Structures are given as structure tokens and as C-alpha cells.
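Enquirer: Shown below is the structure under consideration.
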Amino acid sequence: MSLVDFPKLSPLALELLEARYLMPGESADALFWRVARHMAQAERLFDPKHEAKHAEAFFRIMRGLLFLPNSPTLMNAGTPLGQLSACFVIPLEDSLEGIFGAVRDAALIQKTGGGVGYDFSPIRPKGDVVQSTQMAASGPMPFIKAFDAATEAVNQGGRRRGANMAVLRVDHPDIMDFIAAKRTDGLLSNFNLSVAVTDEFFRTLDEQCDFPLRNPRTGRVTERIPAQKLMAAIVESAWECGEPGLLFIDRINEANPTPALGPIQATNPCGEQPLLPWESCNLGSVNLARMVKDGKVDWVRLAEVVRLAVRFLDDVIEVNRFPMPQIKQVTLANRKIGLGVMGFADLLIELRIPYDSRAAVAMADRVMGFIQAEAKKESSRLAASRGSFPHFPQSTLAHTWSQMRNATVTSIAPTGSISLIAGCSQSIEPIFSFLQARRFLEGRERLLIHPGADELARRQTCKTSAPSSLDQTLPARRQRADHLRQAHDVSAEWQVRVLASFQKHVDNGVSKTVNLPASSTHRDVSRALSVARGLGCKGVTVFRDGSKKAQVLRRDLSHFMREAGGKGTCVVCG
């Protein structure tokens with residue numbers, strides 16, 4: 001691949017790298033070489049004479065900001081820690097020994113930079129009898145709080161806090177407590193919550209009937225409640241605090257490539273990676289913002305980057321140091337990788353396509369379909385020389401492929417940190433705001449100005465000398481007049497349509513937050529969840545602006561303006 005020069009890393013990217021990723025005395029280029037050479041060691045097992053060639057190729061796609069792997073790989077490659085995967089699922093048993101054993105296992109994973117998902121559904125409900133003591137069970141909620149407290153004490157590799165996903169089936173007797181768990185601001189701050197909703201639940205909802213809740217220990221129905229009441233509680237909490245999200249668990253299992261190994265019951269913390277118990281996965285993302293040439297998608301460059309990225313992620317599995325033997329066993333048996341994208345909104349801006357348009361949905365379909373096809377072909381080519389994953393003969397892939405190195409090849413992660421390093425928009429999200437305050441590095445905030453803000457500012461003189469947001473800088477009608485869209489300009493339905501278009505071509509899931517303005521109603525939230533269900537998504541989360549005191553992204557920039565001293569200078573046009 002010919003790359004004449006490498007893009008300059010932004011001051012924000014360098015600050016983030018220094019704080020979280022660089023070893024003492026290491027430069028950014030040295031980091032990318034460290035990672036590239038460590039991955040290329042895997043080539044010794046298959047094609048030793050090309051190890052140096054692949055190390056250089058890996059370096060170039062990373063330093064060129066064309067592709068970046070997940071944070072644990074950037075942090076830990078070539079170090080004694082050596083744990084490179086981002087996503088894990090740990091099973092839970094309905095016993096104190098099993099539950100607190102999982103707390104210990106999660107701590108071991110989180111100190112290396114990994115995030116953990118759990119299905120709390122097997123835990124008996126509140127009030128059920130504990131045979132050994134004849135006392136009433138406490139239910140899953142106190143144990144979720146125990147996991148949260150343990151995570152609070154574990155700093156991931158000394159560089160970032162732990163992250164968790166708690167899943168509870170919609171038919172668990174304690175589901176209403178779970179749904180409302182984060183309506184008190186600050187509780188379970190190290191957890192994301194998702195309800196595993198089933199086809200049975202939606203049938204009952206459509207029929208406006210009562211829905212049965214079942215004791216997971218006995219399988220017996222303990223209560224029947226109106227399905228509409230359950231759904232209303234989900235919508236209320238999502239409107240109030242942004243959680244829980246929904247996992248369409250039956251749809252996830254329809255796409256499970258290894259059903260003979262059992263059902264998938266949980267995902268990683270951001271929901272894009274459904275995993276079997278004890279399974280892990282490593283992720284990476286292609287930067288679509290750098291895939292434009294002469295006003296068109298550079299399909300040749302994209303194909304080459306995808307092929308190298310698949311090889312890179314498969315090499316991660318070879319050189320990885322797994323935190324425990326059962327994780328190594330399951331991971332090597334399926335060899336799941338998750339290649340995704342970032343910079344989709346930037347790509348649309350470069351192509352002058354509004355995010356809320358049929359053209360954007362079509363571009364999502366075309367780009368991800370292309371990536372999926374190239375990734376599958378590369379995985380099959382790797383299998384020709386390296387062998388298929390051990391469970392391939394029993395997998396659903398064996399019906400259509402003669403060989404396949406990886407049980408899955410694609411996932412779309414939120415890319416929170418690596419998109420900052422790459423200097424592009426997050427994942428498949430619309431631009432949150434062309435002017436935004438972003439919280440990172442343990443609460444520090446930075447003002448981010450998207451390049452699109454310059455184009456907006458050039459069109460008309462600013463209305464105020466010290467705007468608190470871009471909305472005060474230019475009339476709303478001009479913001480919405482063309483391809484420059486902010487998240488709150490895009491309806492929930494269009495956001496979900498883009499999500500569904502990507503999901504059609506993703507083996508695993510898509511992490512997507514449907515961002516809604518503060519004025520959004522319960523009906524708007526309900527509509528977003530309903531459209532996601534109807535369009536075949538595997539999961540969805542809705543966030544209403546201002547519903548949490550501590551937000552990663554904010555449009556209110558008044559404190560930055562105050563710091564500027566109100567001297568009549570606009571942060572956009574200077």
C-alpha cells in the first residue's frame with residue numbers, strides 16, 4: 001500500500017496517548033512499531049520470511065490512521081502484561097461460590113484493560129428460599145452492586161476504569177427492579193444495563209396480554225404482569241437516565257455461528273459483541289474518514305486495509321496472553337474477531353451526503369457490505385494456510401464456506417478512545433455537535449471543534465460574540481439545509497435506519513446510541529425502540545440529552561466561553 005505521508009496527530013490525540021497508551025519515554029511512532037512488531041511475531045508460525053513485511057504493513061495502517069485496534073492491544077502489546085482483548089463474558093452460577101468466583105475473575109480481566117459482560121438471569125429472585133439457610137434470597141440486584149463496588153477498586157492496567165454489562169432476561173421476576181436500577185443518578189456507575197427481550201415478550205406485547213415471569217431456579221411462573229406495563233417501565237427509565245438498553249436475544253442467537261456450543265446470553269459492556277460463556281474477542285476499526293479519494297470512496301484502499309486488519313486481528317489471537325485458561329480454550333476454539341468502522345459521519349460529509357437520507361442508508365449498506373465480503377474472503381484465505389477454527393465443522397459457516405479461520409469477523413464498537421486518536425467521528429454515530437465539550441481522562445474536559453464547523457461559520461457572520469453552542473452561532477435552518485448534520489438534527493428513526501443498514505452486514509452486533517434532544521418525549525423513545533425491533537437490529541440504546549448529570553459529550557459550552565473572557569471572539573471563526 002502506497003502512503004506518501006502520515007497525518008499529523010492532534011494535540012488531543014497526543015495527550016490521550018501520553019496518558020493511557022505510551023510506555024515511559026515512548027513516542028507515538030514507537031508505540032505503533034511496538035504493536036506492529038508484536039503482532040507480526042505470529043507470522044513466524046505460518047510464513048516466517050514475511051514477518052518484517054507484515055510488521056511494516058501493520059505499522060503503516062496504524063500510523064496512517066487507516067485502522068486502529070482496541071485499547072488493550074495498544075496498551076499491552078509487547079509488554080509483560082500481554083493481554084490484548086477488549087471483550088469478555090463470564091458465566092454466573094446461582095451460588096455464593098459461583099458469584100464471588102466471578103467477581104475475582106472479572107477483577108483479573110479488568111486490571112488488564114478488558115471489559116466484562118454477565119447474564120444475571122440464573123440468579124434466583126428476591127424472596128426465593130435458600131435451601132442451606134432457609135432464609136430468603138436477595139435476588140440479583142445486590143450482587144450487581146457488589147460487582148460494581150469491586151470494579152470501582154480496580155483500575156484497568158492503571159490507566160482506565162473497569163467496564164461491565166449486566167444483562168437480565170425480561171421474564172426474570174426481578175426485572176422491574178433491574179429496569180429502574182439506574183434512575184438514581186450515580187448508582188452502578190461502572191455498569192451498562194440491558195434487558196434481554198424475547199420474541200415471546202413481543203408477541204405478548206402486540207397482543208396486549210399479560211406476560212409470565214419465571215423463577216430461573218424452578219422454571220415456574222411466579223407472576224403475570226401486563227406486557228405493556230413492562231415496556232412502559234423500560235421506556236420511562238430510558239427516557240429518564242438512558243438505560244436500560246435492549247438486547248434482542250433471540251435475534252442474536254439466530255445469528256450465533258456455533259449453536260451446538262450453547263446459546264449466547266450476554267455481551268461485552270457496549271453491547272456489540274455477543275459472546276459465549278468464557279469467550280473473548282479482540283476488536284479493531286477501519287477509519288472511513290480516510291477512505292475518500294477525489295470525492296469518492298476509495299474501494300481499492302478500503303479492500304487492502306480490511307485484508308490487513310483481518311490478518312492483524314487473527315494474529316492478535318496467536319500472540320495474546322489470556323487471563324485464565326478457560327478463556328484461552330474457548331477463544332482459540334472459535335477465534336472470533338470483530339472488525340468495525342469509525343468516521344462514518346465524516347465519510348458522509350466528505351461525500352456531501354446528509355446523515356438523515358436514503359443516500360446515507362444506502363452508503364452504510366454498501367460500505368459495510370463491502371467490508372463484510374472482503375473480511376470473510378480474507379478469513380477464508382487465512383484458513384487455507386493456517387487452518388479453520390476448531391469448531392468450524394459444527395458451525396453454521398460450514399453450510400456456505402469450505403473453510404474459515406474465524407467464527408465471526410465483524411463487530412462495530414463505539415470507538416470512544418481510538419476515534420480521538422484517529423481524529424475522526426465515533427463509530428457510525430452522527431456528529432454529536434460540531435462544537436462539543438468532551439469528558440475524558442478521569443473527568444477532564446476538552447473543547448472539540450469539528451472541521452465541519454468552519455464551513456458553517458464561513459456562511460454567515462456569527463450571531464453572538466461568545467456563543468455557548470453552535471446552535472447560537474448560525475440559524476437552525478442553515479444547519480439543517482445540507483449535508484452538515486448534528487445528532488440532534490437527525491431523528492431517532494433515521495439514526496436507527498443507519499444502524500439497521502450496518503447490522504445487515506455485521507456478524508456480531510453494532511454499538512449505537514440513539515442521541516435525542518432534551519425535549520424528546522417518552523413517545524420518541526418508544527418509537528426508537530420499536531423501529532430498532534422492526535428493522536432487525538440486535539440491540540439498541542437511547543440517550544436523551546441532559547438525562548444524566550455526568551455526560552461524556554455536552555453541547556453546553558458556556559464555561560469555555562467564560563474562560564475566553566467574553567472578549568468578542570467566537571471559538572468557531574476566531
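The way I read the labels, and the way they are meant: chains A, B, ... in the order of the C-alpha cells, residue 1 as the first residue of every chain, and ligand 1 as the first ligand shown, with later ones counted on from there.
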Quick one: residues within 10 Å of A:Ser237, only C-alpha atoms, excluding same-chain residues fewer than 4 positions away - as a list in words?

Expert: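 The residues that qualify are Ile179, Ala180, Ala181, Lys182, Arg183, Ala232, Ala233, Cys241, Gly242, Glu243, Pro244, Gly245, His522 and Ser547 of chain A.
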
Enquirer: Could you save the residues just selected, with N, CA, C and O atoms, as a PDB file, in the first residue's frame?

Expert:
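Generated output (result.pdb):
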ATOM      1  N   ILE A 179     -34.842  -2.763  35.775  1.00  0.00           N
ATOM      2  CA  ILE A 179     -35.131  -1.681  34.838  1.00  0.00           C
ATOM      3  C   ILE A 179     -34.929  -0.324  35.492  1.00  0.00           C
ATOM      4  O   ILE A 179     -34.398   0.614  34.885  1.00  0.00           O
ATOM      5  N   ALA A 180     -35.327  -0.197  36.752  1.00  0.00           N
ATOM      6  CA  ALA A 180     -35.266   1.091  37.451  1.00  0.00           C
ATOM      7  C   ALA A 180     -33.946   1.329  38.165  1.00  0.00           C
ATOM      8  O   ALA A 180     -33.772   2.375  38.812  1.00  0.00           O
ATOM      9  N   ALA A 181     -32.986   0.422  38.052  1.00  0.00           N
ATOM     10  CA  ALA A 181     -31.802   0.447  38.919  1.00  0.00           C
ATOM     11  C   ALA A 181     -30.962   1.713  38.780  1.00  0.00           C
ATOM     12  O   ALA A 181     -30.344   2.155  39.740  1.00  0.00           O
ATOM     13  N   LYS A 182     -30.913   2.320  37.602  1.00  0.00           N
ATOM     14  CA  LYS A 182     -30.023   3.472  37.412  1.00  0.00           C
ATOM     15  C   LYS A 182     -30.773   4.792  37.336  1.00  0.00           C
ATOM     16  O   LYS A 182     -30.208   5.807  36.920  1.00  0.00           O
ATOM     17  N   ARG A 183     -32.021   4.795  37.787  1.00  0.00           N
ATOM     18  CA  ARG A 183     -32.770   6.047  37.776  1.00  0.00           C
ATOM     19  C   ARG A 183     -32.306   6.993  38.885  1.00  0.00           C
ATOM     20  O   ARG A 183     -32.604   8.182  38.847  1.00  0.00           O
ATOM     21  N   ALA A 232     -43.537  -0.039  29.199  1.00  0.00           N
ATOM     22  CA  ALA A 232     -43.623   1.350  29.652  1.00  0.00           C
ATOM     23  C   ALA A 232     -42.537   1.660  30.670  1.00  0.00           C
ATOM     24  O   ALA A 232     -41.980   2.770  30.691  1.00  0.00           O
ATOM     25  N   ALA A 233     -42.226   0.691  31.537  1.00  0.00           N
ATOM     26  CA  ALA A 233     -41.164   0.894  32.528  1.00  0.00           C
ATOM     27  C   ALA A 233     -39.807   1.034  31.842  1.00  0.00           C
ATOM     28  O   ALA A 233     -38.970   1.863  32.248  1.00  0.00           O
ATOM     29  N   CYS A 241     -32.917   8.201  32.265  1.00  0.00           N
ATOM     30  CA  CYS A 241     -31.477   8.069  32.541  1.00  0.00           C
ATOM     31  C   CYS A 241     -30.676   7.391  31.429  1.00  0.00           C
ATOM     32  O   CYS A 241     -29.489   7.146  31.611  1.00  0.00           O
ATOM     33  N   GLY A 242     -31.305   7.078  30.297  1.00  0.00           N
ATOM     34  CA  GLY A 242     -30.564   6.480  29.192  1.00  0.00           C
ATOM     35  C   GLY A 242     -30.368   4.984  29.287  1.00  0.00           C
ATOM     36  O   GLY A 242     -29.719   4.387  28.420  1.00  0.00           O
ATOM     37  N   GLU A 243     -30.924   4.355  30.318  1.00  0.00           N
ATOM     38  CA  GLU A 243     -30.803   2.908  30.482  1.00  0.00           C
ATOM     39  C   GLU A 243     -32.083   2.352  31.100  1.00  0.00           C
ATOM     40  O   GLU A 243     -32.808   3.106  31.783  1.00  0.00           O
ATOM     41  N   PRO A 244     -32.359   1.074  30.845  1.00  0.00           N
ATOM     42  CA  PRO A 244     -31.543   0.082  30.162  1.00  0.00           C
ATOM     43  C   PRO A 244     -31.677   0.169  28.645  1.00  0.00           C
ATOM     44  O   PRO A 244     -32.631   0.750  28.112  1.00  0.00           O
ATOM     45  N   GLY A 245     -30.698  -0.453  27.961  1.00  0.00           N
ATOM     46  CA  GLY A 245     -30.843  -0.705  26.541  1.00  0.00           C
ATOM     47  C   GLY A 245     -31.559  -2.026  26.338  1.00  0.00           C
ATOM     48  O   GLY A 245     -31.891  -2.738  27.289  1.00  0.00           O
ATOM     49  N   HIS A 522     -41.464  10.589  25.844  1.00  0.00           N
ATOM     50  CA  HIS A 522     -41.495   9.145  26.002  1.00  0.00           C
ATOM     51  C   HIS A 522     -41.885   8.465  24.686  1.00  0.00           C
ATOM     52  O   HIS A 522     -41.375   7.388  24.367  1.00  0.00           O
ATOM     53  N   SER A 547     -30.156  13.832  30.485  1.00  0.00           N
ATOM     54  CA  SER A 547     -30.777  12.884  31.412  1.00  0.00           C
ATOM     55  C   SER A 547     -29.797  12.354  32.452  1.00  0.00           C
ATOM     56  O   SER A 547     -30.206  11.691  33.404  1.00  0.00           O
TER      57      SER A 547
END

Enquirer: Would you return as an MDAnalysis selection string the members of stretch 177-392 of chain A that DSSP assigns to strand (DSSP E) on this structure's backbone?

Expert: chainID A and resid 191:197 210:214 221:226 245:248 266:267 274:275 280:287 292:293 296:297 337:342

Enquirer: Can you build me a table of stretch 31-96 of chain A residues sitting at most 7 Å from stretch 317-330 of chain A, with the closest atom pair per residue and its distance in Å to one decimal, using only C-alpha atoms, sorted by chain and residue number, as CSV?

Expert:
residue,atom,partner,partner_atom,distance
A:Met39,CA,A:Val319,CA,6.7
A:Ala42,CA,A:Glu318,CA,5.8
A:Gly82,CA,A:Arg321,CA,5.2
A:Gln83,CA,A:Arg321,CA,4.9
A:Leu84,CA,A:Asn320,CA,5.8

Enquirer: Could you turn the residues from that selection into a file that holds N, CA, C and O atoms, as an mmCIF file, in the first residue's frame?

Expert:
data_model
loop_
_atom_site.group_PDB
_atom_site.id
_atom_site.type_symbol
_atom_site.label_atom_id
_atom_site.label_comp_id
_atom_site.auth_asym_id
_atom_site.auth_seq_id
_atom_site.Cartn_x
_atom_site.Cartn_y
_atom_site.Cartn_z
ATOM 1 N N MET A 39 2.502 -8.024 16.862
ATOM 2 C CA MET A 39 1.526 -8.803 16.084
ATOM 3 C C MET A 39 2.216 -9.661 15.039
ATOM 4 O O MET A 39 1.828 -10.815 14.805
ATOM 5 N N ALA A 42 3.392 -13.432 15.199
ATOM 6 C CA ALA A 42 2.528 -14.575 14.876
ATOM 7 C C ALA A 42 2.837 -15.129 13.496
ATOM 8 O O ALA A 42 2.617 -16.322 13.241
ATOM 9 N N GLY A 82 0.652 -8.239 28.299
ATOM 10 C CA GLY A 82 0.382 -9.003 27.085
ATOM 11 C C GLY A 82 -1.063 -9.400 26.837
ATOM 12 O O GLY A 82 -1.329 -10.194 25.931
ATOM 13 N N GLN A 83 -2.034 -8.875 27.607
ATOM 14 C CA GLN A 83 -3.449 -9.213 27.380
ATOM 15 C C GLN A 83 -4.009 -8.206 26.390
ATOM 16 O O GLN A 83 -4.045 -7.021 26.659
ATOM 17 N N LEU A 84 -4.518 -8.678 25.248
ATOM 18 C CA LEU A 84 -4.804 -7.806 24.119
ATOM 19 C C LEU A 84 -6.276 -7.695 23.767
ATOM 20 O O LEU A 84 -6.635 -6.897 22.899
#

Enquirer: Name all residues at most 12 Å from stretch 381-395 of chain A (count only C-alpha atoms; drop same-chain ones fewer than 4 positions away) and give them as a PyMOL selection string.

Expert: chain A and resi 42-47+255-262+307-308+310-315+317-318+329-337+374-377+399-408

Enquirer: Can you check which residues of stretch 144-303 of chain A DSSP gives as helix (DSSP H, G or I) on the backbone and send them as a count of residues only?

Expert: 54

Enquirer: I need the residue nearest A:Leu16 from this list: A:Leu275, A:Leu516, A:Ala28, A:Val116. Use only C-alpha atoms for the distance.

Expert: A:Ala28

Enquirer: Tell me which of A:Lys548, A:Arg533, A:Arg446, A:Arg169 sits closest to A:Ala13, counting only C-alpha atoms.

Expert: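 Among the listed residues, the smallest separation from A:Ala13 belongs to A:Arg446.
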
Enquirer: Give me the residues near A:Met75 as a count of residues only, where near means some atom within 6 Å (using only C-alpha atoms) and where sequence neighbours in that chain fewer than 2 positions away do not count.

Expert: 3

Enquirer: Using only C-alpha atoms for the distances, tell me which of A:Glu223, A:Glu254, A:Glu272, A:Glu15 is nearest to A:Pro173.

Expert: A:Glu223

Enquirer: Can you pull out every residue within 9 Å of A:Pro517, counting only C-alpha atoms, but drop anything in the same chain fewer than 4 positions away, and send it as a compact mmCIF listing (two decimals) with C-alpha atoms, in the first residue's frame?

Expert:
# COMPACT_ATOMS: atom_id res chain seq x y z
CA ALA A 487 -27.00 14.28 16.15
CA HIS A 488 -29.95 16.28 17.43
CA ASP A 489 -30.80 17.32 13.87
CA PHE A 543 -29.99 8.59 25.35
CA ARG A 544 -31.85 11.85 25.92
CA ASP A 545 -29.56 14.84 26.31
CA GLY A 546 -29.34 16.05 29.89
